[in-house]
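**Q** Contents of start12.tsv (TSV, C-alpha atoms and all ligand atoms) are below:
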```tsv
chain	number	residue	atom	x	y	z
A	1	MET	CA	44.87	2.48	106.08
A	2	SER	CA	48.29	1.31	104.89
A	3	PRO	CA	48.23	-0.93	101.77
A	4	LYS	CA	48.79	-4.66	102.01
A	5	ARG	CA	52.47	-5.47	101.56
A	6	ALA	CA	53.56	-8.43	99.45
A	7	ILE	CA	56.88	-9.31	101.05
A	8	SER	CA	56.86	-11.98	103.74
A	9	PRO	CA	59.63	-12.11	106.38
A	10	ASP	CA	61.06	-15.13	104.49
A	11	ALA	CA	61.18	-13.22	101.21
A	12	ALA	CA	62.80	-10.25	102.97
A	13	ARG	CA	65.47	-12.56	104.41
A	14	TRP	CA	66.17	-14.00	100.96
A	15	LEU	CA	66.52	-10.52	99.42
A	16	THR	CA	68.89	-9.41	102.19
A	17	ALA	CA	70.98	-12.59	101.95
A	18	ARG	CA	71.26	-12.46	98.14
A	19	PHE	CA	71.49	-8.71	97.47
A	20	GLY	CA	72.90	-7.32	100.72
A	21	GLU	CA	72.83	-3.51	100.74
A	22	GLY	CA	71.38	-3.65	97.23
A	23	ALA	CA	68.00	-4.47	98.83
A	24	ARG	CA	66.22	-1.56	100.51
A	25	PHE	CA	62.87	-2.04	102.19
A	26	SER	CA	59.90	0.38	102.21
A	27	GLU	CA	61.90	2.61	99.89
A	28	PRO	CA	60.03	5.81	98.88
A	29	LEU	CA	59.83	5.74	95.08
A	30	ALA	CA	59.21	9.48	94.94
A	31	LEU	CA	62.98	9.75	95.48
A	32	HIS	CA	63.62	7.81	92.28
A	33	THR	CA	61.28	9.44	89.75
A	34	SER	CA	61.36	12.80	88.00
A	35	LEU	CA	57.76	13.56	89.04
A	36	SER	CA	58.74	12.96	92.71
A	37	VAL	CA	55.37	11.59	93.78
A	38	GLY	CA	54.04	8.30	95.07
A	39	GLY	CA	54.51	5.79	97.84
A	40	PRO	CA	57.14	3.18	98.66
A	41	ALA	CA	58.13	-0.11	97.08
A	42	ASP	CA	58.09	-3.03	99.51
A	43	ALA	CA	61.66	-3.49	98.32
A	44	LEU	CA	63.87	-1.67	95.85
A	45	VAL	CA	66.60	-4.04	94.69
A	46	THR	CA	69.64	-3.18	92.61
A	47	ALA	CA	70.99	-6.06	90.51
A	48	GLN	CA	74.66	-5.40	89.85
A	49	ASP	CA	75.24	-8.07	87.20
A	50	ALA	CA	73.55	-10.62	84.96
A	51	ALA	CA	73.69	-13.44	87.53
A	52	ALA	CA	72.05	-11.26	90.20
A	53	LEU	CA	69.38	-10.16	87.76
A	54	SER	CA	68.60	-13.71	86.73
A	55	ASP	CA	68.37	-14.77	90.41
A	56	LEU	CA	66.07	-11.85	91.16
A	57	ILE	CA	63.69	-12.70	88.31
A	58	THR	CA	63.52	-16.41	89.07
A	59	GLY	CA	63.47	-15.90	92.88
A	60	CYS	CA	60.55	-13.45	92.68
A	61	ALA	CA	58.65	-15.80	90.33
A	62	MET	CA	59.19	-18.73	92.73
A	63	ARG	CA	57.86	-16.69	95.66
A	64	ASN	CA	55.00	-15.11	93.67
A	65	LEU	CA	56.40	-11.65	94.36
A	66	PRO	CA	55.23	-8.93	91.98
A	67	LEU	CA	58.27	-7.53	90.15
A	68	ALA	CA	58.55	-4.24	88.27
A	69	PHE	CA	61.51	-2.46	86.66
A	70	LEU	CA	62.77	1.05	87.14
A	71	GLY	CA	65.19	2.90	84.87
A	72	GLY	CA	65.76	6.60	85.43
A	73	GLY	CA	62.15	7.07	86.55
A	74	THR	CA	61.57	9.85	84.00
A	75	ASN	CA	58.48	8.32	82.42
A	76	LEU	CA	56.86	6.85	85.46
A	77	LEU	CA	54.01	7.86	87.78
A	78	VAL	CA	53.96	6.07	91.12
A	79	PRO	CA	50.57	5.98	92.89
A	80	ASP	CA	50.42	6.97	96.56
A	81	GLU	CA	49.96	3.31	97.55
A	82	GLY	CA	53.43	2.61	96.15
A	83	PHE	CA	54.23	-0.84	94.79
A	84	PRO	CA	53.38	-4.00	96.73
A	85	GLY	CA	56.34	-6.07	95.64
A	86	VAL	CA	59.89	-5.73	94.36
A	87	VAL	CA	61.01	-2.87	92.16
A	88	ALA	CA	64.28	-3.74	90.45
A	89	ARG	CA	66.86	-1.52	88.87
A	90	LEU	CA	70.11	-2.28	87.12
A	91	GLY	CA	73.42	-1.38	88.72
A	92	LYS	CA	76.91	-0.44	87.56
A	93	GLY	CA	77.50	-3.71	85.71
A	94	PHE	CA	74.90	-2.57	83.18
A	95	SER	CA	76.14	0.95	82.57
A	96	GLY	CA	79.10	0.60	80.19
A	97	ILE	CA	79.11	2.41	76.84
A	98	ARG	CA	81.46	1.58	73.96
A	99	ILE	CA	81.67	2.23	70.25
A	100	GLN	CA	82.47	-0.76	68.03
A	101	ARG	CA	83.59	-0.23	64.46
A	102	THR	CA	81.82	-2.30	61.77
A	103	PRO	CA	82.40	-2.52	58.00
A	104	ALA	CA	79.40	-0.20	57.47
A	105	GLY	CA	80.26	2.37	60.19
A	106	ALA	CA	79.94	1.61	63.89
A	107	LEU	CA	77.63	0.46	66.65
A	108	LEU	CA	77.06	2.24	69.95
A	109	ASP	CA	76.84	-0.57	72.48
A	110	ALA	CA	75.35	0.63	75.76
A	111	GLY	CA	74.25	-1.03	78.98
A	112	ALA	CA	70.60	-0.48	79.86
A	113	ALA	CA	71.48	1.44	83.04
A	114	ALA	CA	73.64	3.94	81.15
A	115	PRO	CA	72.09	7.42	81.07
A	116	LEU	CA	70.79	8.04	77.54
A	117	PRO	CA	72.21	11.61	77.46
A	118	ARG	CA	75.66	10.13	78.16
A	119	ALA	CA	75.30	7.69	75.26
A	120	VAL	CA	74.21	10.53	72.97
A	121	ALA	CA	77.15	12.69	74.08
A	122	ARG	CA	79.67	9.84	73.63
A	123	ALA	CA	78.64	9.29	69.99
A	124	GLN	CA	78.64	13.01	69.27
A	125	GLU	CA	82.08	13.65	70.82
A	126	LYS	CA	83.60	10.82	68.81
A	127	GLY	CA	82.11	12.17	65.58
A	128	TRP	CA	79.44	9.55	65.03
A	129	ALA	CA	75.95	10.45	63.83
A	130	GLY	CA	72.91	8.32	64.57
A	131	MET	CA	71.93	9.26	68.14
A	132	LEU	CA	70.60	12.79	67.48
A	133	PHE	CA	67.05	11.46	67.67
A	134	ALA	CA	67.59	11.09	71.43
A	135	VAL	CA	68.96	14.55	72.20
A	136	GLY	CA	67.26	15.94	75.30
A	137	ILE	CA	65.55	12.70	76.36
A	138	PRO	CA	66.43	11.99	80.00
A	139	GLY	CA	66.47	8.54	81.62
A	140	THR	CA	68.37	5.38	80.78
A	141	VAL	CA	69.14	3.48	77.60
A	142	GLY	CA	66.96	0.58	78.83
A	143	GLY	CA	64.01	2.85	79.58
A	144	ALA	CA	64.32	4.42	76.13
A	145	VAL	CA	64.27	1.02	74.39
A	146	ALA	CA	61.40	-0.24	76.59
A	147	GLY	CA	59.33	2.79	75.60
A	148	ASN	CA	60.58	3.23	72.01
A	149	ALA	CA	61.45	6.78	73.02
A	150	GLY	CA	61.93	9.43	70.38
A	151	THR	CA	61.62	12.93	69.08
A	152	ARG	CA	60.74	14.56	65.77
A	153	GLU	CA	64.21	13.44	64.62
A	154	GLY	CA	63.31	9.75	64.99
A	155	TRP	CA	62.59	6.98	67.43
A	156	VAL	CA	64.65	4.21	69.04
A	157	SER	CA	63.12	1.83	66.47
A	158	ASP	CA	64.77	3.82	63.63
A	159	ALA	CA	68.24	3.62	65.16
A	160	ILE	CA	68.51	0.37	67.07
A	161	ALA	CA	70.32	-2.69	65.71
A	162	ASP	CA	69.46	-5.16	68.48
A	163	PHE	CA	69.08	-5.48	72.24
A	164	ASP	CA	69.80	-8.01	74.98
A	165	CYS	CA	67.06	-8.95	77.39
A	166	VAL	CA	66.35	-11.37	80.20
A	167	GLY	CA	63.25	-13.51	79.85
A	168	PRO	CA	60.79	-14.76	82.45
A	169	GLY	CA	62.95	-17.84	83.15
A	170	GLY	CA	66.04	-15.68	83.83
A	171	GLU	CA	67.64	-16.51	80.45
A	172	THR	CA	69.45	-13.85	78.38
A	173	ARG	CA	68.71	-13.45	74.67
A	174	ARG	CA	69.61	-11.03	71.90
A	175	LEU	CA	66.74	-9.80	69.73
A	176	GLY	CA	67.29	-8.03	66.42
A	177	ARG	CA	65.17	-4.97	65.61
A	178	GLU	CA	63.17	-7.07	63.12
A	179	GLU	CA	62.31	-9.64	65.76
A	180	VAL	CA	59.97	-7.40	67.79
A	181	ARG	CA	56.96	-5.23	67.02
A	182	TRP	CA	57.71	-1.53	67.49
A	183	SER	CA	54.95	1.02	67.92
A	184	TYR	CA	54.37	4.54	69.25
A	185	ARG	CA	56.17	4.56	72.64
A	186	SER	CA	56.06	0.80	73.07
A	187	LEU	CA	57.34	-2.48	71.76
A	188	SER	CA	55.93	-5.96	72.07
A	189	PRO	CA	57.02	-9.51	71.30
A	190	MET	CA	56.05	-11.12	68.00
A	191	GLY	CA	53.37	-13.82	68.25
A	192	GLY	CA	54.72	-17.02	69.82
A	193	GLU	CA	57.74	-15.26	71.33
A	194	PRO	CA	57.90	-15.55	75.17
A	195	GLY	CA	58.84	-11.88	75.61
A	196	TRP	CA	61.20	-10.35	78.12
A	197	LYS	CA	61.20	-9.04	81.64
A	198	VAL	CA	64.02	-6.57	81.30
A	199	ILE	CA	66.30	-5.06	78.67
A	200	THR	CA	69.97	-5.18	79.66
A	201	ARG	CA	71.92	-3.77	76.65
A	202	ALA	CA	71.20	-2.17	73.31
A	203	ARG	CA	73.20	-1.47	70.19
A	204	PHE	CA	72.50	1.43	67.86
A	205	PHE	CA	73.71	2.07	64.30
A	206	LEU	CA	76.17	4.92	63.89
A	207	ALA	CA	77.47	6.61	60.74
A	208	PRO	CA	80.46	8.93	60.34
A	209	GLY	CA	79.62	12.57	61.11
A	210	ASP	CA	81.28	15.88	61.85
A	211	PRO	CA	81.62	16.44	65.63
A	212	GLU	CA	81.20	20.21	65.33
A	213	ALA	CA	78.09	19.96	63.13
A	214	LEU	CA	76.60	17.33	65.46
A	215	LYS	CA	77.28	19.53	68.47
A	216	GLU	CA	75.63	22.49	66.79
A	217	GLN	CA	72.54	20.51	65.85
A	218	ALA	CA	72.24	19.05	69.37
A	219	GLY	CA	72.61	22.56	70.82
A	220	ARG	CA	69.78	23.84	68.60
A	221	MET	CA	67.54	20.97	69.65
A	222	LEU	CA	68.23	21.57	73.35
A	223	ALA	CA	67.61	25.31	73.02
A	224	GLN	CA	64.30	24.60	71.33
A	225	ARG	CA	63.32	22.31	74.21
A	226	ARG	CA	64.28	24.91	76.80
A	227	GLN	CA	61.98	27.36	75.07
A	228	SER	CA	58.96	25.11	74.68
A	229	GLN	CA	59.05	22.77	77.71
A	230	PRO	CA	58.89	23.36	81.50
A	231	LEU	CA	62.34	21.88	82.10
A	232	SER	CA	62.85	23.56	85.48
A	233	GLN	CA	59.79	21.83	86.92
A	234	LYS	CA	59.24	18.23	87.97
A	235	SER	CA	57.49	16.25	85.24
A	236	ALA	CA	57.58	12.98	83.34
A	237	GLY	CA	57.77	14.60	79.90
A	238	CYS	CA	54.73	14.64	77.62
A	239	PHE	CA	51.94	12.96	79.53
A	240	PHE	CA	49.70	11.87	76.66
A	241	LYS	CA	50.39	10.30	73.28
A	242	ASN	CA	49.56	12.44	70.28
A	243	PRO	CA	46.46	11.17	68.46
A	244	GLU	CA	47.23	9.48	65.12
A	245	LYS	CA	45.56	12.29	63.19
A	246	GLY	CA	44.84	15.93	63.83
A	247	PRO	CA	46.19	18.29	66.48
A	248	ALA	CA	48.80	17.15	69.01
A	249	ALA	CA	47.68	16.25	72.54
A	250	GLY	CA	49.10	19.52	73.93
A	251	ALA	CA	47.06	21.60	71.46
A	252	LEU	CA	43.87	19.67	72.31
A	253	ILE	CA	44.43	20.18	76.04
A	254	GLU	CA	45.06	23.88	75.52
A	255	ARG	CA	41.97	24.31	73.31
A	256	ALA	CA	39.92	22.46	75.94
A	257	GLY	CA	40.86	25.26	78.37
A	258	MET	CA	42.99	23.07	80.64
A	259	LYS	CA	46.35	24.82	80.30
A	260	GLY	CA	47.42	26.12	83.72
A	261	GLN	CA	44.68	24.17	85.59
A	262	THR	CA	45.65	22.78	88.97
A	263	LEU	CA	44.60	20.06	91.37
A	264	GLY	CA	46.38	20.12	94.73
A	265	GLY	CA	50.07	20.31	93.90
A	266	ALA	CA	49.62	19.13	90.29
A	267	MET	CA	49.35	21.52	87.38
A	268	VAL	CA	48.87	21.39	83.61
A	269	SER	CA	51.98	23.31	82.59
A	270	ASP	CA	51.35	26.83	81.39
A	271	ILE	CA	54.37	26.46	79.09
A	272	HIS	CA	53.41	23.19	77.36
A	273	ALA	CA	49.93	21.80	78.02
A	274	ASN	CA	50.97	18.17	77.53
A	275	PHE	CA	53.26	18.38	80.57
A	276	ILE	CA	51.71	17.73	83.98
A	277	VAL	CA	54.03	19.21	86.57
A	278	ASN	CA	54.50	18.75	90.29
A	279	ARG	CA	54.54	22.24	91.79
A	280	GLY	CA	56.48	20.91	94.76
A	281	ASN	CA	53.95	19.25	97.00
A	282	ALA	CA	51.85	17.09	94.65
A	283	SER	CA	50.72	13.59	95.60
A	284	GLY	CA	50.25	10.75	93.15
A	285	SER	CA	46.49	11.23	93.58
A	286	ASP	CA	46.75	14.91	92.60
A	287	ILE	CA	48.45	13.92	89.35
A	288	LEU	CA	46.05	11.04	88.66
A	289	GLY	CA	43.06	13.27	89.45
A	290	LEU	CA	44.28	16.04	87.15
A	291	ILE	CA	44.96	13.69	84.25
A	292	ALA	CA	41.44	12.26	84.66
A	293	ARG	CA	40.03	15.82	84.41
A	294	VAL	CA	42.17	16.58	81.34
A	295	ARG	CA	41.04	13.38	79.62
A	296	ASP	CA	37.43	14.09	80.47
A	297	ARG	CA	37.49	17.64	79.13
A	298	VAL	CA	39.26	16.67	75.91
A	299	GLU	CA	36.81	13.84	75.32
A	300	LYS	CA	33.81	16.12	75.96
A	301	GLU	CA	35.16	18.87	73.68
A	302	PHE	CA	36.58	16.82	70.82
A	303	GLY	CA	35.40	13.20	71.27
A	304	ILE	CA	39.04	12.11	71.49
A	305	GLN	CA	40.27	9.74	74.21
A	306	LEU	CA	43.80	10.66	75.18
A	307	GLU	CA	46.06	7.73	75.98
A	308	SER	CA	48.77	8.01	78.61
A	309	GLU	CA	52.36	8.02	77.38
A	310	VAL	CA	53.65	7.99	80.97
A	311	LYS	CA	53.60	4.54	82.58
A	312	ILE	CA	51.70	4.14	85.83
A	313	LEU	CA	53.59	1.76	88.10
A	314	GLY	CA	51.57	-1.35	88.85
A	315	ALA	CA	48.72	-0.44	86.46
B	1	LIG	C1	61.71	16.75	80.74
B	1	LIG	C2	61.42	15.44	80.04
B	1	LIG	C3	61.47	15.38	78.67
B	1	LIG	C4	61.19	14.18	78.01
B	1	LIG	N1	61.25	14.15	76.64
B	1	LIG	C5	61.00	12.99	75.99
B	1	LIG	C6	61.06	12.91	74.56
B	1	LIG	O1	61.37	13.88	73.87
B	1	LIG	N2	60.78	11.73	73.97
B	1	LIG	C7	60.45	10.62	74.70
B	1	LIG	O2	60.22	9.55	74.11
B	1	LIG	N3	60.37	10.66	76.04
B	1	LIG	C8	60.64	11.80	76.70
B	1	LIG	N4	60.57	11.85	78.07
B	1	LIG	C9	60.11	10.67	78.82
B	1	LIG	C10	61.28	9.76	79.31
B	1	LIG	O3	62.44	10.49	79.53
B	1	LIG	C11	61.59	8.65	78.31
B	1	LIG	O4	60.44	7.88	78.07
B	1	LIG	C12	62.73	7.75	78.81
B	1	LIG	O5	63.16	6.94	77.74
B	1	LIG	C13	62.33	6.87	79.99
B	1	LIG	O6	63.50	6.20	80.46
B	1	LIG	P1	63.69	5.86	81.99
B	1	LIG	O7	64.97	5.13	82.13
B	1	LIG	O8	63.54	7.07	82.83
B	1	LIG	O9	62.46	4.86	82.22
B	1	LIG	P2	61.53	4.75	83.51
B	1	LIG	O10	60.72	5.98	83.65
B	1	LIG	O11	62.32	4.32	84.69
B	1	LIG	O12	60.60	3.55	83.07
B	1	LIG	C14	59.63	3.71	82.05
B	1	LIG	C15	59.07	2.32	81.72
B	1	LIG	O13	60.08	1.53	81.12
B	1	LIG	C16	60.29	0.35	81.90
B	1	LIG	N5	61.73	0.10	81.92
B	1	LIG	C17	62.70	0.94	82.33
B	1	LIG	N6	63.92	0.36	82.16
B	1	LIG	C18	63.68	-0.88	81.65
B	1	LIG	C19	64.51	-1.96	81.26
B	1	LIG	N7	65.85	-1.90	81.36
B	1	LIG	N8	63.93	-3.08	80.76
B	1	LIG	C20	62.56	-3.14	80.64
B	1	LIG	N9	61.73	-2.17	81.00
B	1	LIG	C21	62.28	-1.05	81.50
B	1	LIG	C22	59.73	0.64	83.28
B	1	LIG	O14	59.33	-0.55	83.92
B	1	LIG	C23	58.57	1.56	82.94
B	1	LIG	O15	57.44	0.81	82.57
B	1	LIG	C24	60.85	13.03	78.75
B	1	LIG	C25	60.80	13.10	80.15
B	1	LIG	C26	61.10	14.29	80.80
B	1	LIG	C27	61.07	14.34	82.31
```
What's the structure tokens form of this structure?

**A**
Amino acid sequence: MSPKRAISPDAARWLTARFGEGARFSEPLALHTSLSVGGPADALVTAQDAAALSDLITGCAMRNLPLAFLGGGTNLLVPDEGFPGVVARLGKGFSGIRIQRTPAGALLDAGAAAPLPRAVARAQEKGWAGMLFAVGIPGTVGGAVAGNAGTREGWVSDAIADFDCVGPGGETRRLGREEVRWSYRSLSPMGGEPGWKVITRARFFLAPGDPEALKEQAGRMLAQRRQSQPLSQKSAGCFFKNPEKGPAAGALIERAGMKGQTLGGAMVSDIHANFIVNRGNASGSDILGLIARVRDRVEKEFGIQLESEVKILGA
């Protein structure tokens, strides 16, 4: 049975009239995520500039259309039912990167649609330190801010100065790093603050550095990743958050005997047990079923409930 779709013919006409070729209907989201699983969005709409984005947010709210945001799709699991509503992504107007000098050093100012690896490379090439924390993280700048992405070298919350966002009424605001609550792979509005729908730009602190030394350090970090992560397979990165105390999620999964386990086309990576990989033909249900088994086994063995780091679209 095909799932109930949310877009009426009227809403479809509005999307086509306002966004033209930027609106695609019944678009398979598996094509837009690194896990490559899951069903279609009723509509996938690319907003090329701030006015289009504001219209999309307010227009969907007026028509009661569910609206979700997609960056690079590298931290997202799409269920087989897809998404009954509009999935929005940011277009070229949100992908610029520039470095602005300040009395204390510089700021890397990047549009939310800019690939994070490109932002990291730009700072490094120009001899600015400050973005090494993000070496090897795929996806977009906006996705990284939305998930407070990070590595052992630091998190977005350590490096960010402020970000621009569009709120539920379509209005743009700039929020300083102190004006939001940052936590492990998430951020949330302070009490009383209306929050945001989408992040459109972010600025990160930079300090003078030596381009050659930065390049060397980035190279070491990437080599380490290539050794310890299944980078040639389809995944969404580490699937579970590490518990606050004790062994990391990957170690718990391995000790629970789940490394290498499969369900349909999904597999617990035999290189890094916190990666769930698509062996080529996985469905969203295979991945969801396997993560349920992993959670179950870890809870039975250690009494620890693993929490998903990967976002499940529509959940
Ligand atoms: C091989 C591999 C290695 C990885 N290594 C790391 C790592 O070391 N550290 C780490 O933190 N992550 C890692 N990840 C996970 C992922 O790359 C990051 O979380 C990344 O920052 C997600 O960005 P994205 O643009 O792909 O977001 P998406 O996957 O598209 O979206 C993730 C979530 O953010 C929301 N979102 C996206 N863009 C915006 C926006 N502009 N405004 C508001 N919300 C938005 C989406 O709605 C969704 O809920 C890895 C992933 C892979 C595949």

**Q** Residues of chain A within 6 Å of ligand LIG 1 (chain B): nearest atom pair and distance (Å, one decimal) for each, counting only C-alpha atoms and all ligand atoms, sorted by chain and number, as a tab-separated table?

**A**
```
residue	atom	partner	partner_atom	distance
A:Ser34	CA	B:LIG1	C27	5.9
A:Ala68	CA	B:LIG1	O14	5.8
A:Phe69	CA	B:LIG1	O14	4.0
A:Leu70	CA	B:LIG1	O11	4.1
A:Gly71	CA	B:LIG1	O11	3.2
A:Gly72	CA	B:LIG1	O8	3.5
A:Gly73	CA	B:LIG1	O11	3.3
A:Thr74	CA	B:LIG1	O8	3.6
A:Asn75	CA	B:LIG1	O10	3.5
A:Leu76	CA	B:LIG1	O10	4.4
A:Ala112	CA	B:LIG1	N7	5.2
A:Ile137	CA	B:LIG1	N1	4.5
A:Pro138	CA	B:LIG1	O3	4.3
A:Gly139	CA	B:LIG1	O8	3.5
A:Thr140	CA	B:LIG1	O7	3.7
A:Gly142	CA	B:LIG1	N7	3.7
A:Gly143	CA	B:LIG1	O6	3.5
A:Ala144	CA	B:LIG1	O5	3.2
A:Ala146	CA	B:LIG1	N9	4.8
A:Gly147	CA	B:LIG1	O13	5.7
A:Ala149	CA	B:LIG1	O2	3.2
A:Gly150	CA	B:LIG1	O2	4.1
A:Thr151	CA	B:LIG1	O1	4.9
A:Val198	CA	B:LIG1	N8	3.5
A:Ile199	CA	B:LIG1	N8	3.7
A:Thr200	CA	B:LIG1	N7	5.5
A:Leu231	CA	B:LIG1	C1	5.3
A:Ser235	CA	B:LIG1	C27	5.0
A:Ala236	CA	B:LIG1	C27	3.9
A:Gly237	CA	B:LIG1	C25	3.4
A:Lys311	CA	B:LIG1	O15	5.4
```

**Q** So which residues are close to (77.3, 16.3, 67.6), meaning at most 10 Å away in the file's coordinates with only C-alpha atoms counted, and can you show them as a PyMOL selection string?

**A** chain A and resi 120-132+135+209-219

**Q** Residues near Ser54 (chain A), anyone? I mean within 9 Å using all atoms listed in the file, not counting same-chain ones fewer than 2 positions away, as a list of chain:residue names.

**A** A:Ala47, A:Asp49, A:Ala50, A:Ala51, A:Ala52, A:Leu56, A:Ile57, A:Thr58, A:Gly59, A:Val166, A:Gly167, A:Pro168, A:Gly169, A:Gly170, A:Glu171, A:Thr172

**Q** Smallest atom-to-atom distance to Phe19 (chain A): which of A:Ala43, A:Ala207, A:Leu67, A:Leu35, using all atoms listed in the file?

**A**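 Using all atoms listed in the file, the shortest distance to Phe19 (chain A) belongs to A:Ala43.
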
**Q** Quote the spacing between CA of His272 (chain A) and CA of Lys234 (chain A) in Å to one decimal place.

**A**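 A separation of 13.1 Å between them.
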